[in-house]
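Raw contents of protein_4.cif, mmCIF, C-alpha atoms and all ligand atoms:
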```cif
data_model
loop_
_atom_site.label_atom_id
_atom_site.label_comp_id
_atom_site.auth_asym_id
_atom_site.auth_seq_id
_atom_site.Cartn_x
_atom_site.Cartn_y
_atom_site.Cartn_z
CA MET A 1 -163.27 60.69 13.11
CA VAL A 2 -162.58 59.36 9.65
CA ARG A 3 -163.06 55.65 9.56
CA PRO A 4 -160.92 53.57 7.23
CA ASP A 5 -163.95 52.16 5.42
CA ARG A 6 -164.97 55.69 4.48
CA ALA A 7 -161.53 56.57 3.19
CA ARG A 8 -161.16 53.64 0.81
CA ARG A 9 -164.76 53.39 -0.24
CA ARG A 10 -165.40 52.04 -3.66
CA VAL A 11 -168.74 53.04 -5.04
CA PRO A 12 -170.21 50.41 -7.31
CA VAL A 13 -172.01 51.61 -10.39
CA ILE A 14 -175.71 50.87 -10.12
CA GLU A 15 -178.02 51.31 -13.03
CA LEU A 16 -181.57 52.09 -11.96
CA GLY A 17 -183.27 49.46 -14.08
CA VAL A 18 -181.72 46.24 -12.83
CA PRO A 19 -183.19 43.30 -14.78
CA GLY A 20 -186.09 41.71 -12.94
CA ALA A 21 -186.69 44.86 -10.93
CA GLU A 22 -190.12 45.48 -12.43
CA ILE A 23 -192.70 46.22 -9.74
CA PRO A 24 -195.74 43.91 -9.95
CA ALA A 25 -198.70 45.94 -11.19
CA HIS A 26 -201.29 44.57 -8.78
CA LEU A 27 -199.48 45.61 -5.59
CA ARG A 28 -199.85 48.93 -3.77
CA CYS A 29 -196.58 49.70 -2.10
CA LEU A 30 -195.52 52.18 0.56
CA ALA A 31 -191.81 52.98 0.88
CA ILE A 32 -190.99 53.85 4.48
CA VAL A 33 -187.91 56.06 4.66
CA PRO A 34 -186.53 56.66 8.16
CA ALA A 35 -184.51 59.87 8.23
CA LEU A 36 -182.61 61.64 10.96
CA ASN A 37 -180.89 64.80 9.74
CA GLU A 38 -180.60 63.65 6.13
CA ALA A 39 -181.53 66.91 4.38
CA GLY A 40 -178.58 66.45 2.04
CA ALA A 41 -179.63 63.05 0.74
CA VAL A 42 -183.31 62.48 1.38
CA GLY A 43 -184.58 64.55 -1.57
CA ASP A 44 -182.64 62.46 -4.08
CA VAL A 45 -183.73 59.26 -2.33
CA VAL A 46 -187.40 60.26 -2.57
CA ARG A 47 -187.12 61.22 -6.24
CA ALA A 48 -185.28 57.97 -7.03
CA ILE A 49 -187.95 55.89 -5.28
CA LEU A 50 -190.76 57.68 -7.09
CA ALA A 51 -188.97 57.23 -10.41
CA ALA A 52 -188.22 53.56 -9.81
CA GLY A 53 -191.70 52.97 -8.43
CA GLN A 54 -193.39 53.52 -11.80
CA GLY A 55 -196.32 55.22 -10.06
CA ARG A 56 -197.01 52.21 -7.86
CA VAL A 57 -194.93 53.23 -4.87
CA ASP A 58 -195.86 55.99 -2.42
CA VAL A 59 -193.11 57.42 -0.27
CA LEU A 60 -193.47 58.13 3.42
CA VAL A 61 -190.50 59.80 5.05
CA VAL A 62 -190.45 59.39 8.81
CA ASP A 63 -188.60 62.42 10.10
CA ASP A 64 -187.51 61.67 13.63
CA GLY A 65 -186.89 65.04 15.23
CA SER A 66 -184.44 66.23 12.57
CA THR A 67 -183.13 69.78 12.94
CA ASP A 68 -181.77 70.33 9.44
CA GLY A 69 -184.83 70.70 7.23
CA THR A 70 -185.13 67.02 6.38
CA ALA A 71 -188.94 67.25 6.35
CA ALA A 72 -189.02 70.21 3.95
CA ALA A 73 -186.50 68.58 1.61
CA ALA A 74 -188.52 65.35 1.55
CA ARG A 75 -191.80 67.15 0.99
CA ALA A 76 -190.35 69.25 -1.82
CA ALA A 77 -189.25 66.02 -3.52
CA GLY A 78 -192.81 64.68 -3.42
CA ALA A 79 -192.89 62.50 -0.31
CA ARG A 80 -195.48 62.38 2.40
CA VAL A 81 -193.76 63.27 5.63
CA VAL A 82 -194.57 62.19 9.14
CA SER A 83 -192.66 64.35 11.59
CA LEU A 84 -192.21 62.94 15.06
CA PRO A 85 -192.14 65.65 17.75
CA PHE A 86 -188.95 64.28 19.31
CA ASN A 87 -186.50 61.52 18.51
CA VAL A 88 -188.11 58.15 19.26
CA GLY A 89 -185.40 55.96 17.75
CA ILE A 90 -185.25 54.17 14.43
CA GLY A 91 -187.48 51.25 15.48
CA ASN A 92 -190.34 53.39 16.69
CA ALA A 93 -189.90 55.62 13.64
CA VAL A 94 -190.14 52.70 11.23
CA GLN A 95 -193.11 51.32 13.14
CA THR A 96 -194.91 54.61 12.49
CA GLY A 97 -194.57 53.76 8.81
CA TYR A 98 -195.97 50.26 9.36
CA ARG A 99 -198.92 51.78 11.22
CA VAL A 100 -199.64 54.08 8.30
CA ALA A 101 -199.33 51.11 5.93
CA ARG A 102 -201.77 49.10 8.03
CA ALA A 103 -204.24 51.96 8.40
CA GLU A 104 -204.24 52.60 4.65
CA GLY A 105 -204.28 48.97 3.53
CA TYR A 106 -201.02 48.82 1.57
CA ASP A 107 -200.07 45.42 0.14
CA VAL A 108 -196.35 45.89 0.59
CA ALA A 109 -194.26 48.10 2.85
CA MET A 110 -190.67 48.73 1.79
CA GLN A 111 -188.00 50.07 4.10
CA VAL A 112 -185.44 52.26 2.35
CA ASP A 113 -182.75 54.22 4.21
CA GLY A 114 -182.86 57.98 3.80
CA ASP A 115 -179.12 58.32 3.35
CA GLY A 116 -179.06 56.98 -0.21
CA GLN A 117 -177.41 53.65 0.53
CA HIS A 118 -180.24 51.54 -0.84
CA PRO A 119 -180.59 51.99 -4.60
CA PRO A 120 -184.35 52.26 -5.19
CA GLY A 121 -183.95 50.60 -8.58
CA GLN A 122 -183.63 47.33 -6.66
CA MET A 123 -186.92 47.64 -4.78
CA GLY A 124 -188.52 45.49 -7.44
CA LEU A 125 -186.20 42.59 -6.58
CA LEU A 126 -187.57 42.53 -3.04
CA ILE A 127 -191.17 43.16 -3.99
CA ALA A 128 -191.02 40.35 -6.57
CA GLU A 129 -190.04 37.99 -3.76
CA VAL A 130 -193.09 39.13 -1.78
CA ALA A 131 -195.25 38.56 -4.84
CA ALA A 132 -193.74 35.04 -5.00
CA GLY A 133 -195.03 34.29 -1.51
CA ALA A 134 -192.45 35.45 1.01
CA ASN A 135 -193.75 37.46 3.97
CA TYR A 136 -190.61 39.38 4.87
CA VAL A 137 -187.75 39.98 2.45
CA VAL A 138 -184.28 41.27 3.27
CA GLY A 139 -181.97 42.83 0.69
CA SER A 140 -178.55 41.33 1.43
CA ARG A 141 -175.20 42.96 0.69
CA PHE A 142 -173.34 39.75 1.35
CA MET A 143 -175.04 37.06 -0.72
CA ARG A 144 -172.69 37.73 -3.58
CA ASP A 145 -169.51 39.73 -3.61
CA ALA A 146 -170.91 43.10 -4.48
CA GLY A 147 -167.92 45.14 -3.41
CA TYR A 148 -169.46 46.39 -0.19
CA GLU A 149 -166.58 47.35 2.03
CA THR A 150 -166.71 47.88 5.75
CA SER A 151 -164.27 47.85 8.64
CA ARG A 152 -162.97 44.54 9.94
CA THR A 153 -164.65 44.93 13.36
CA ARG A 154 -167.97 45.72 11.81
CA ARG A 155 -167.63 42.81 9.41
CA GLY A 156 -166.83 40.50 12.35
CA ALA A 157 -169.87 41.74 14.26
CA MET A 158 -172.05 41.15 11.20
CA VAL A 159 -170.75 37.58 10.81
CA PHE A 160 -171.50 36.88 14.46
CA LEU A 161 -175.03 38.29 14.17
CA ALA A 162 -175.62 36.29 11.00
CA TRP A 163 -174.66 33.13 12.88
CA LEU A 164 -176.82 34.02 15.88
CA VAL A 165 -179.90 34.89 13.84
CA SER A 166 -179.51 31.93 11.48
CA ALA A 167 -179.50 29.65 14.52
CA ALA A 168 -182.52 31.43 16.01
CA VAL A 169 -184.66 31.33 12.88
CA GLY A 170 -183.48 27.97 11.53
CA GLN A 171 -182.46 29.28 8.12
CA THR A 172 -179.43 31.06 6.73
CA VAL A 173 -179.60 34.84 6.91
CA THR A 174 -176.49 36.56 5.58
CA ASP A 175 -177.24 40.25 6.20
CA THR A 176 -179.12 40.69 9.46
CA THR A 177 -178.47 44.42 9.83
CA SER A 178 -179.66 45.42 6.38
CA GLY A 179 -182.40 48.03 6.59
CA PHE A 180 -183.48 47.40 2.97
CA ARG A 181 -186.58 45.26 3.39
CA ALA A 182 -190.00 44.46 2.06
CA ALA A 183 -192.96 43.33 4.15
CA ASP A 184 -196.23 41.82 3.00
CA ARG A 185 -199.60 42.43 4.61
CA ALA A 186 -199.20 39.83 7.37
CA THR A 187 -195.85 41.31 8.32
CA ILE A 188 -197.22 44.86 8.20
CA GLU A 189 -199.95 43.75 10.58
CA LEU A 190 -197.41 42.17 12.95
CA PHE A 191 -195.01 45.12 12.95
CA ALA A 192 -197.74 47.73 13.33
CA GLY A 193 -198.52 45.99 16.61
CA HIS A 194 -195.05 44.98 17.79
CA TYR A 195 -191.73 46.27 16.58
CA PRO A 196 -188.44 46.62 18.46
CA PRO A 197 -188.14 50.26 19.56
CA ASP A 198 -184.43 50.67 18.89
CA TYR A 199 -181.86 48.87 16.74
CA PRO A 200 -184.72 46.84 15.28
CA GLU A 201 -183.31 45.05 12.22
CA VAL A 202 -181.93 41.92 13.85
CA GLU A 203 -184.70 41.46 16.38
CA ALA A 204 -187.41 42.01 13.77
CA LEU A 205 -186.22 38.88 11.92
CA VAL A 206 -186.64 36.73 15.01
CA LEU A 207 -189.99 38.37 15.74
CA ALA A 208 -191.22 37.55 12.22
CA HIS A 209 -189.94 34.00 12.47
CA ARG A 210 -191.69 33.44 15.78
CA ALA A 211 -194.92 34.73 14.28
CA GLY A 212 -194.62 31.96 11.69
CA LEU A 213 -193.83 34.28 8.78
CA ARG A 214 -191.66 33.25 5.84
CA ILE A 215 -188.38 35.14 5.61
CA ALA A 216 -186.45 35.40 2.36
CA GLU A 217 -183.24 37.11 1.31
CA VAL A 218 -182.30 38.51 -2.07
CA PRO A 219 -178.90 39.82 -3.14
CA VAL A 220 -178.67 43.58 -3.63
CA LEU A 221 -175.94 46.14 -4.18
CA MET A 222 -175.62 48.87 -1.59
CA LEU A 223 -173.73 52.11 -1.73
CA GLN A 224 -171.49 53.68 0.86
CA ARG A 225 -172.91 56.71 2.64
CA SER A 226 -172.27 59.86 0.60
CA THR A 227 -173.43 62.72 2.83
CA GLY A 228 -174.50 63.32 6.41
CA THR A 229 -173.19 61.40 9.39
CA SER A 230 -173.61 57.79 10.41
CA SER A 231 -175.50 57.10 13.61
CA ILE A 232 -172.90 54.45 14.45
CA THR A 233 -170.13 55.09 17.00
CA PRO A 234 -167.85 52.57 18.80
CA LEU A 235 -169.69 52.91 22.11
CA ARG A 236 -173.06 52.53 20.44
CA SER A 237 -171.78 49.51 18.51
CA ALA A 238 -170.83 47.82 21.77
CA TYR A 239 -174.23 48.59 23.24
CA TYR A 240 -175.80 47.44 19.99
CA MET A 241 -174.10 44.05 20.07
CA VAL A 242 -175.02 43.34 23.69
CA LYS A 243 -178.59 44.60 23.35
CA VAL A 244 -179.28 42.79 20.10
CA SER A 245 -177.73 39.48 21.21
CA LEU A 246 -179.70 39.61 24.42
CA ALA A 247 -182.89 40.40 22.52
CA VAL A 248 -182.38 37.46 20.16
CA ILE A 249 -181.66 35.06 23.00
CA VAL A 250 -184.63 36.27 25.06
CA GLN A 251 -186.88 36.02 22.00
CA ARG A 252 -185.56 32.53 21.43
CA ILE A 253 -186.33 31.41 24.99
CA GLY A 254 -189.79 32.72 24.38
CA THR A 255 -191.50 35.87 25.54
CA ALA A 256 -195.14 36.72 25.57
CA PRO A 257 -195.72 39.50 23.05
CA ARG A 258 -195.99 42.79 24.85
CA PRO A 259 -199.50 44.16 24.91
CA GLU A 260 -199.92 46.64 22.11
CA GLU A 261 -199.98 50.24 23.21
CA PRO A 262 -203.40 51.77 22.74
CA GLU A 263 -203.67 53.91 19.62
CA MET B 1 -179.82 45.92 75.05
CA THR B 2 -180.76 47.97 72.03
CA ASN B 3 -178.16 48.31 69.33
CA ARG B 4 -177.18 51.90 68.53
CA LEU B 5 -177.05 51.12 64.80
CA VAL B 6 -180.67 49.99 64.95
CA ILE B 7 -181.71 53.20 66.73
CA VAL B 8 -180.10 55.27 64.00
CA GLY B 9 -181.95 53.13 61.45
CA VAL B 10 -185.28 53.70 63.18
CA VAL B 11 -184.76 57.46 63.31
CA ILE B 12 -183.89 57.59 59.60
CA ALA B 13 -186.89 55.40 58.78
CA ALA B 14 -189.19 57.66 60.79
CA ALA B 15 -187.85 60.70 58.93
CA LEU B 16 -188.46 58.86 55.65
CA VAL B 17 -192.06 58.11 56.60
CA ILE B 18 -192.68 61.78 57.46
CA THR B 19 -191.15 62.88 54.16
CA LEU B 20 -193.20 60.36 52.16
CA VAL B 21 -196.44 61.33 53.86
CA SER B 22 -195.90 65.03 53.29
CA LEU B 23 -195.02 64.39 49.61
CA ILE B 24 -198.21 62.39 49.20
CA ARG B 25 -200.22 65.11 50.93
CA ALA B 26 -198.72 67.73 48.62
CA ARG B 27 -199.69 65.48 45.66
CA ARG B 28 -196.10 65.37 44.48
CA LEU B 29 -195.94 61.61 44.99
CA ASN B 30 -198.47 58.98 43.97
CA GLU B 31 -199.31 56.48 46.75
CA ARG B 32 -198.62 53.67 44.29
CA TYR B 33 -194.94 54.60 44.11
CA ALA B 34 -194.58 55.37 47.82
CA LEU B 35 -195.85 51.97 48.92
CA LEU B 36 -192.63 49.99 48.64
CA TRP B 37 -190.69 52.81 50.32
CA LEU B 38 -193.18 52.79 53.17
CA ILE B 39 -192.81 49.03 53.53
CA ALA B 40 -189.02 49.37 53.78
CA ALA B 41 -189.38 52.07 56.46
CA ALA B 42 -191.99 50.05 58.34
CA LEU B 43 -189.64 47.03 58.42
CA VAL B 44 -186.92 49.10 60.05
CA ILE B 45 -189.28 50.61 62.61
CA ILE B 46 -191.04 47.35 63.52
CA PHE B 47 -187.90 45.25 63.91
CA GLY B 48 -185.97 48.13 65.48
CA LEU B 49 -188.52 48.54 68.25
CA TRP B 50 -189.05 44.81 68.71
CA PRO B 51 -185.60 43.24 69.23
CA ALA B 52 -186.96 39.78 69.99
CA ALA B 53 -188.47 39.53 66.51
CA LEU B 54 -185.23 40.78 65.00
CA ASP B 55 -183.23 38.10 66.84
CA ALA B 56 -185.65 35.42 65.67
CA LEU B 57 -185.38 36.69 62.11
CA ALA B 58 -181.59 36.69 62.25
CA SER B 59 -181.35 33.14 63.54
CA ALA B 60 -183.84 32.02 60.88
CA PHE B 61 -181.49 33.48 58.22
CA GLY B 62 -178.45 32.07 60.03
CA ILE B 63 -177.06 35.56 60.61
CA ALA B 64 -174.95 36.03 63.75
CA TYR B 65 -175.38 39.80 64.01
CA PRO B 66 -179.14 40.66 64.13
CA PRO B 67 -178.93 44.21 62.61
CA SER B 68 -177.43 42.66 59.47
CA ALA B 69 -180.66 40.72 58.99
CA LEU B 70 -182.63 43.94 59.23
CA PHE B 71 -180.50 45.75 56.66
CA LEU B 72 -180.53 42.75 54.35
CA LEU B 73 -184.32 42.88 54.39
CA VAL B 74 -184.29 46.61 53.73
CA GLY B 75 -181.75 46.13 50.94
CA ILE B 76 -184.03 43.62 49.24
CA THR B 77 -187.04 45.91 49.55
CA LEU B 78 -185.13 48.87 48.10
CA GLY B 79 -183.95 46.61 45.25
CA LEU B 80 -187.60 45.95 44.51
CA VAL B 81 -188.26 49.70 44.60
CA LEU B 82 -185.64 50.23 41.88
CA LEU B 83 -186.94 47.37 39.76
CA ASP B 84 -190.48 48.73 40.03
CA THR B 85 -189.21 52.15 38.96
CA ALA B 86 -187.45 50.65 35.93
CA ILE B 87 -190.67 48.87 34.94
CA VAL B 88 -192.67 52.06 35.25
CA ILE B 89 -190.09 54.01 33.21
CA SER B 90 -190.17 51.36 30.47
CA LYS B 91 -193.93 51.67 30.26
CA LEU B 92 -193.78 55.46 30.17
CA VAL B 93 -191.16 55.48 27.42
CA ALA B 94 -193.27 53.08 25.32
CA ARG B 95 -196.34 55.27 25.85
CA ALA B 96 -194.48 58.47 25.00
CA ALA B 97 -193.30 56.89 21.75
CA ALA B 98 -196.81 55.64 20.93
CA LEU B 99 -198.19 59.11 21.57
CA ALA B 100 -195.50 60.70 19.40
CA GLN B 101 -196.30 58.26 16.58
CA HIS B 102 -199.99 58.92 16.87
CA MET B 103 -199.54 62.68 16.97
CA ALA B 104 -197.22 62.68 13.97
CA MET B 105 -199.62 60.52 11.93
CA THR B 106 -202.56 62.75 12.82
CA GLU B 107 -200.62 65.89 11.98
CA GLU B 108 -199.77 64.49 8.56
CA ARG B 109 -203.44 63.72 7.90
CA VAL B 110 -204.48 67.22 8.97
CA ARG B 111 -201.89 68.71 6.64
CA ALA B 112 -203.15 66.58 3.75
CA LEU B 113 -206.75 67.59 4.47
CA GLU B 114 -205.84 71.27 4.65
CA GLU B 115 -203.99 71.00 1.36
CA ARG B 116 -207.08 69.43 -0.19
CA LEU B 117 -209.19 72.33 1.08
CA GLY B 118 -206.99 74.69 -0.91
CA PRO B 119 -205.00 77.78 -0.03
CA ASP B 120 -206.03 79.71 3.08
CA GLN B 121 -208.68 77.14 3.95
CA THR B 122 -207.22 76.17 7.29
CA TYR B 123 -209.39 75.17 10.21
CA SER B 124 -209.80 78.72 11.45
CA SER B 125 -210.70 80.22 8.07
CA ALA B 126 -213.02 77.36 7.05
CA ALA B 127 -214.99 77.50 10.28
CA PRO B 128 -214.27 80.50 12.43
CA PRO B 129 -214.85 79.41 16.01
CA GLU B 130 -217.48 81.25 18.02
CA PRO B 131 -215.85 83.44 20.62
CA GLY B 132 -215.39 81.39 23.76
CA SER B 133 -216.51 78.11 22.18
CA GLY B 134 -213.27 76.81 20.67
CA PRO B 135 -210.12 75.86 22.48
CA SER B 136 -208.72 79.10 23.84
CA PRO B 137 -204.99 79.74 23.67
CA SER B 138 -203.80 80.10 27.20
N1 LIG A 301 -186.32 58.05 12.03
C1 LIG A 301 -185.04 57.82 12.41
N2 LIG A 301 -184.17 57.52 11.49
C2 LIG A 301 -182.91 57.30 11.87
C3 LIG A 301 -182.47 57.37 13.21
N3 LIG A 301 -181.15 57.07 13.24
C4 LIG A 301 -180.80 56.82 11.98
N4 LIG A 301 -181.85 56.97 11.14
C5 LIG A 301 -181.91 56.79 9.68
O1 LIG A 301 -181.78 55.42 9.41
C6 LIG A 301 -181.02 55.21 8.24
C7 LIG A 301 -179.82 54.36 8.54
O2 LIG A 301 -178.99 55.02 9.49
P1 LIG A 301 -177.41 55.06 9.33
O3 LIG A 301 -176.87 55.98 10.35
O4 LIG A 301 -177.09 55.36 7.91
O5 LIG A 301 -177.00 53.58 9.71
P2 LIG A 301 -176.27 52.53 8.79
O6 LIG A 301 -176.77 52.64 7.39
O7 LIG A 301 -176.43 51.22 9.45
O8 LIG A 301 -174.75 52.99 8.91
P3 LIG A 301 -173.76 53.59 7.77
O9 LIG A 301 -173.25 52.42 7.00
O10 LIG A 301 -172.69 54.29 8.54
O11 LIG A 301 -174.56 54.52 6.95
C8 LIG A 301 -180.69 56.61 7.71
O12 LIG A 301 -181.66 56.96 6.74
C9 LIG A 301 -180.83 57.49 8.94
O13 LIG A 301 -181.22 58.80 8.60
C10 LIG A 301 -183.44 57.71 14.20
O14 LIG A 301 -183.19 57.81 15.40
N5 LIG A 301 -184.72 57.92 13.73
MG MG A 302 -176.67 54.23 6.33
#
```
Would you write out, as structure tokens, the structure that this file holds?
Ligand SMILES: Nc1nc2c(ncn2[C@@H]2O[C@H](COP(=O)(O)OP(=O)(O)OP(=O)(O)O)[C@@H](O)[C@H]2O)c(=O)[nH]1
Ligand SMILES: [Mg+2]
Amino acid sequence: MVRPDRARRRVPVIELGVPGAEIPAHLRCLAIVPALNEAGAVGDVVRAILAAGQGRVDVLVVDDGSTDGTAAAARAAGARVVSLPFNVGIGNAVQTGYRVARAEGYDVAMQVDGDGQHPPGQMGLLIAEVAAGANYVVGSRFMRDAGYETSRTRRGAMVFLAWLVSAAVGQTVTDTTSGFRAADRATIELFAGHYPPDYPEVEALVLAHRAGLRIAEVPVLMLQRSTGTSSITPLRSAYYMVKVSLAVIVQRIGTAPRPEEPE
Amino acid sequence: MTNRLVIVGVVIAAALVITLVSLIRARRLNERYALLWLIAAALVIIFGLWPAALDALASAFGIAYPPSALFLLVGITLGLVLLDTAIVISKLVARAAALAQHMAMTEERVRALEERLGPDQTYSSAAPPEPGSGPSPS
């Protein structure tokens, strides 16, 4: 099904070296790239991250049971690849990256989508915010009008989630579903132990807030998906909204953290 | 007078107990997960064969028709069985994911180590296992 937002997409021009996107020299950074059947895009994403990373960013692609050669494409482009034996969902996949980051003592873990929607040239904007003292930084599409177009329903859902999360964490968050994020060491430690197993973005914010971590948002430009297929369908969106809202509310009421699974 | 509905219930419960016991004996069912089922069956059998207790139970609940009290009790117990199953499944799913993560991380480390060893220096060529000492493919 062709969705209207695909048909009238307007791709903003992004230059790789956005001013202020320099990556602080003293930080070791791991870019976690979740990828499910992204063979067509993941190679370029990996190369762009390595180029933008100025030698200070390692790339870890988390291949989650892809069947299209995603792992080989990522490896050929110079990434480390962790291949999960079966699909464990985006949250568990990303957590694998946080566990690697914890085990290897990285200072910052970045999350960058494998479909090419997050321009790696802007990683520095997020990492700079970590260097300035934030624990968990979200790249927001909506903080300034950056020409990101999406369908009206999806936009409405995003506004609702922004309201819900802002109320739950006591600060304004404009883009709760953005998967373009940076985490400092405290956040890496938290997420390596506890991370929502599926549809994690929204819940992770509340989790971080409850752990007393400082959340910050920085404006970024994002691209529309260019190849591959979106994991989002109407039925899944409905499930997503119910599941995520419930998770936020339950988190808000207060839950004991689940015991960490033995490693 | 014994209610015919209750007799049917007792017969079904007895059949359930026999099935559960033979499944446990065949090691196809863990006692832990049979327990709540056995309790449900035991409730039916005990109250079915002891109508006075059933009548007392029904009047305590304010239920005019005693067998309804019995099946309400069984309904609650089976609800607990389902909830217990959902809890167990949640735990298993979390463990499967943790295992998958762990395995994938370990595999990546092994690959990196093998690459560092150089071409053709895989585990088997670096240290050929003594016949019968290594893990045998079976
Ligand atoms: N590891 C893993 N990655 C996934 C899974 N599902 C999606 N992804 C990846 O997560 C990233 C985001 O997924 P998308 O389907 O693009 O979701 P989205 O960006 O919110 O939606 P679009 O705007 O339609 O692209 C992509 O890099 C996907 O390859 C999964 O089950 N496991
Ligand atoms: Mg995407």
Would you kindly return, as JSON, numbers by chain, each protein, DNA or RNA residue with an atom no farther than 8 Å from any atom of Gly9 of chain B, considering only C-alpha atoms and excluding same-chain residues fewer than 5 positions away? {"B": [44, 45, 48]}
Find the spatial neighbours of segment 38-52 of chain A, counting all atoms listed in the file, within a cut-off of 12 Å - ignore same-chain residues fewer than 5 positions away - and output them as a ChimeraX atom specification. /A:15-18,21-23,29-33,57-81,110-125,225-231
Chain A contacts on chain B, all atoms listed in the file, 12 Å, as an MDAnalysis selection string: chainID B and resid 90:112
Write the residues of the selection above to a file with C-alpha atoms, as a PDB file, in the coordinates of the input.
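For reference, again-v2.pdb as written:
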```pdb
ATOM      1  CA  SER B  90    -190.170  51.360  30.470  1.00  0.00           C
ATOM      2  CA  LYS B  91    -193.930  51.670  30.260  1.00  0.00           C
ATOM      3  CA  LEU B  92    -193.780  55.460  30.170  1.00  0.00           C
ATOM      4  CA  VAL B  93    -191.160  55.480  27.420  1.00  0.00           C
ATOM      5  CA  ALA B  94    -193.270  53.080  25.320  1.00  0.00           C
ATOM      6  CA  ARG B  95    -196.340  55.270  25.850  1.00  0.00           C
ATOM      7  CA  ALA B  96    -194.480  58.470  25.000  1.00  0.00           C
ATOM      8  CA  ALA B  97    -193.300  56.890  21.750  1.00  0.00           C
ATOM      9  CA  ALA B  98    -196.810  55.640  20.930  1.00  0.00           C
ATOM     10  CA  LEU B  99    -198.190  59.110  21.570  1.00  0.00           C
ATOM     11  CA  ALA B 100    -195.500  60.700  19.400  1.00  0.00           C
ATOM     12  CA  GLN B 101    -196.300  58.260  16.580  1.00  0.00           C
ATOM     13  CA  HIS B 102    -199.990  58.920  16.870  1.00  0.00           C
ATOM     14  CA  MET B 103    -199.540  62.680  16.970  1.00  0.00           C
ATOM     15  CA  ALA B 104    -197.220  62.680  13.970  1.00  0.00           C
ATOM     16  CA  MET B 105    -199.620  60.520  11.930  1.00  0.00           C
ATOM     17  CA  THR B 106    -202.560  62.750  12.820  1.00  0.00           C
ATOM     18  CA  GLU B 107    -200.620  65.890  11.980  1.00  0.00           C
ATOM     19  CA  GLU B 108    -199.770  64.490   8.560  1.00  0.00           C
ATOM     20  CA  ARG B 109    -203.440  63.720   7.900  1.00  0.00           C
ATOM     21  CA  VAL B 110    -204.480  67.220   8.970  1.00  0.00           C
ATOM     22  CA  ARG B 111    -201.890  68.710   6.640  1.00  0.00           C
ATOM     23  CA  ALA B 112    -203.150  66.580   3.750  1.00  0.00           C
TER      24      ALA B 112
END
```
Gap from atom CA of Pro66 of chain B to atom CA of Leu5 of chain B - Å, one decimal: 10.7 Å
Out of B:Ile7, B:Tyr33, B:Ala13, B:Ala40, which residue has the shortest atom-to-atom distance to Gly79 of chain B when counting all atoms listed in the file? B:Ala40
Centre and edge lengths of an axis-aligned box around all listed atoms of segment 21-27 of chain B, with 4 Å added on each side, are to be given in Å to one decimal, as JSON.
```
{"center_x": -197.6, "center_y": 64.5, "center_z": 49.8, "size_x": 13.2, "size_y": 14.4, "size_z": 16.2}
```
Protein and nucleic acid residues near (-186.2, 56.5, 55.3) (cut-off 8 Å, only C-alpha atoms) as a VMD selection string: chain B and resid 12 to 17 37 40 to 41
Pick out the closest residue to ligand MG 302 (chain A) from this set: A:Pro219, A:Ala247, A:Gly156, A:Leu36. Count only C-alpha atoms and all ligand atoms. A:Leu36
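For the pair atom CA of Thr176 of chain A and atom CA of Val248 of chain A, the separation is 11.6 Å.
Around Ala167 of chain A, within 12 Å and counting all atoms listed in the file, the residues found are Phe160, Leu161, Val173, Thr174, Leu205, Val206, His209, Val248, Ile249 and Arg252 of chain A, once anything fewer than 6 positions away on its own chain is removed.
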Around the point (-190.7, 35.9, 10.4), in the coordinates given by the file, pick out the residues reaching within 10 Å, counting only C-alpha atoms, and return them as a ChimeraX atom specification. /A:134-137,169,183,186-187,190,204-216
Would you please work out which residue, of A:Met222, A:Ala25, A:Arg102, A:Glu129, is nearest to Met143 of chain A when using all atoms listed in the file? A:Met222
Taken to one decimal, the atom CA of Thr177 of chain A-atom O5 of ligand LIG 301 (chain A) distance is 9.3 Å
Distance query segment 54-64 of chain B at most 12 Å, all atoms listed in the file, self and fewer than 2 positions along chain excluded, as a list of chain:residue names: B:Met1, B:Thr2, B:Asn3, B:Val6, B:Leu43, B:Val44, B:Ile45, B:Ile46, B:Phe47, B:Gly48, B:Leu49, B:Trp50, B:Pro51, B:Ala52, B:Pro66, B:Pro67, B:Ser68, B:Ala69, B:Leu70, B:Phe71, B:Leu72, B:Leu73
Give me the residues within 10 Å of segment 244-246 of chain A as a short mmCIF file (atom, residue, chain, number, x, y, z; two decimals) with C-alpha atoms, keeping the file's coordinate frame, counting all atoms listed in the file and dropping any in the same chain fewer than 5 places off.
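As written to disk, part09.cif reads:
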```cif
data_model
loop_
_atom_site.label_atom_id
_atom_site.label_comp_id
_atom_site.auth_asym_id
_atom_site.auth_seq_id
_atom_site.Cartn_x
_atom_site.Cartn_y
_atom_site.Cartn_z
CA PHE A 160 -171.50 36.88 14.46
CA LEU A 161 -175.03 38.29 14.17
CA LEU A 164 -176.82 34.02 15.88
CA VAL A 165 -179.90 34.89 13.84
CA ASP A 198 -184.43 50.67 18.89
CA TYR A 199 -181.86 48.87 16.74
CA PRO A 200 -184.72 46.84 15.28
CA GLU A 201 -183.31 45.05 12.22
CA VAL A 202 -181.93 41.92 13.85
CA GLU A 203 -184.70 41.46 16.38
CA ALA A 238 -170.83 47.82 21.77
CA TYR A 239 -174.23 48.59 23.24
CA GLN A 251 -186.88 36.02 22.00
CA ARG A 252 -185.56 32.53 21.43
#
```
Have a look at A:Ala101, A:Met158, A:Leu126, A:Ala192 and name the one nearest to ligand LIG 301 (chain A); count only C-alpha atoms and all ligand atoms. A:Met158
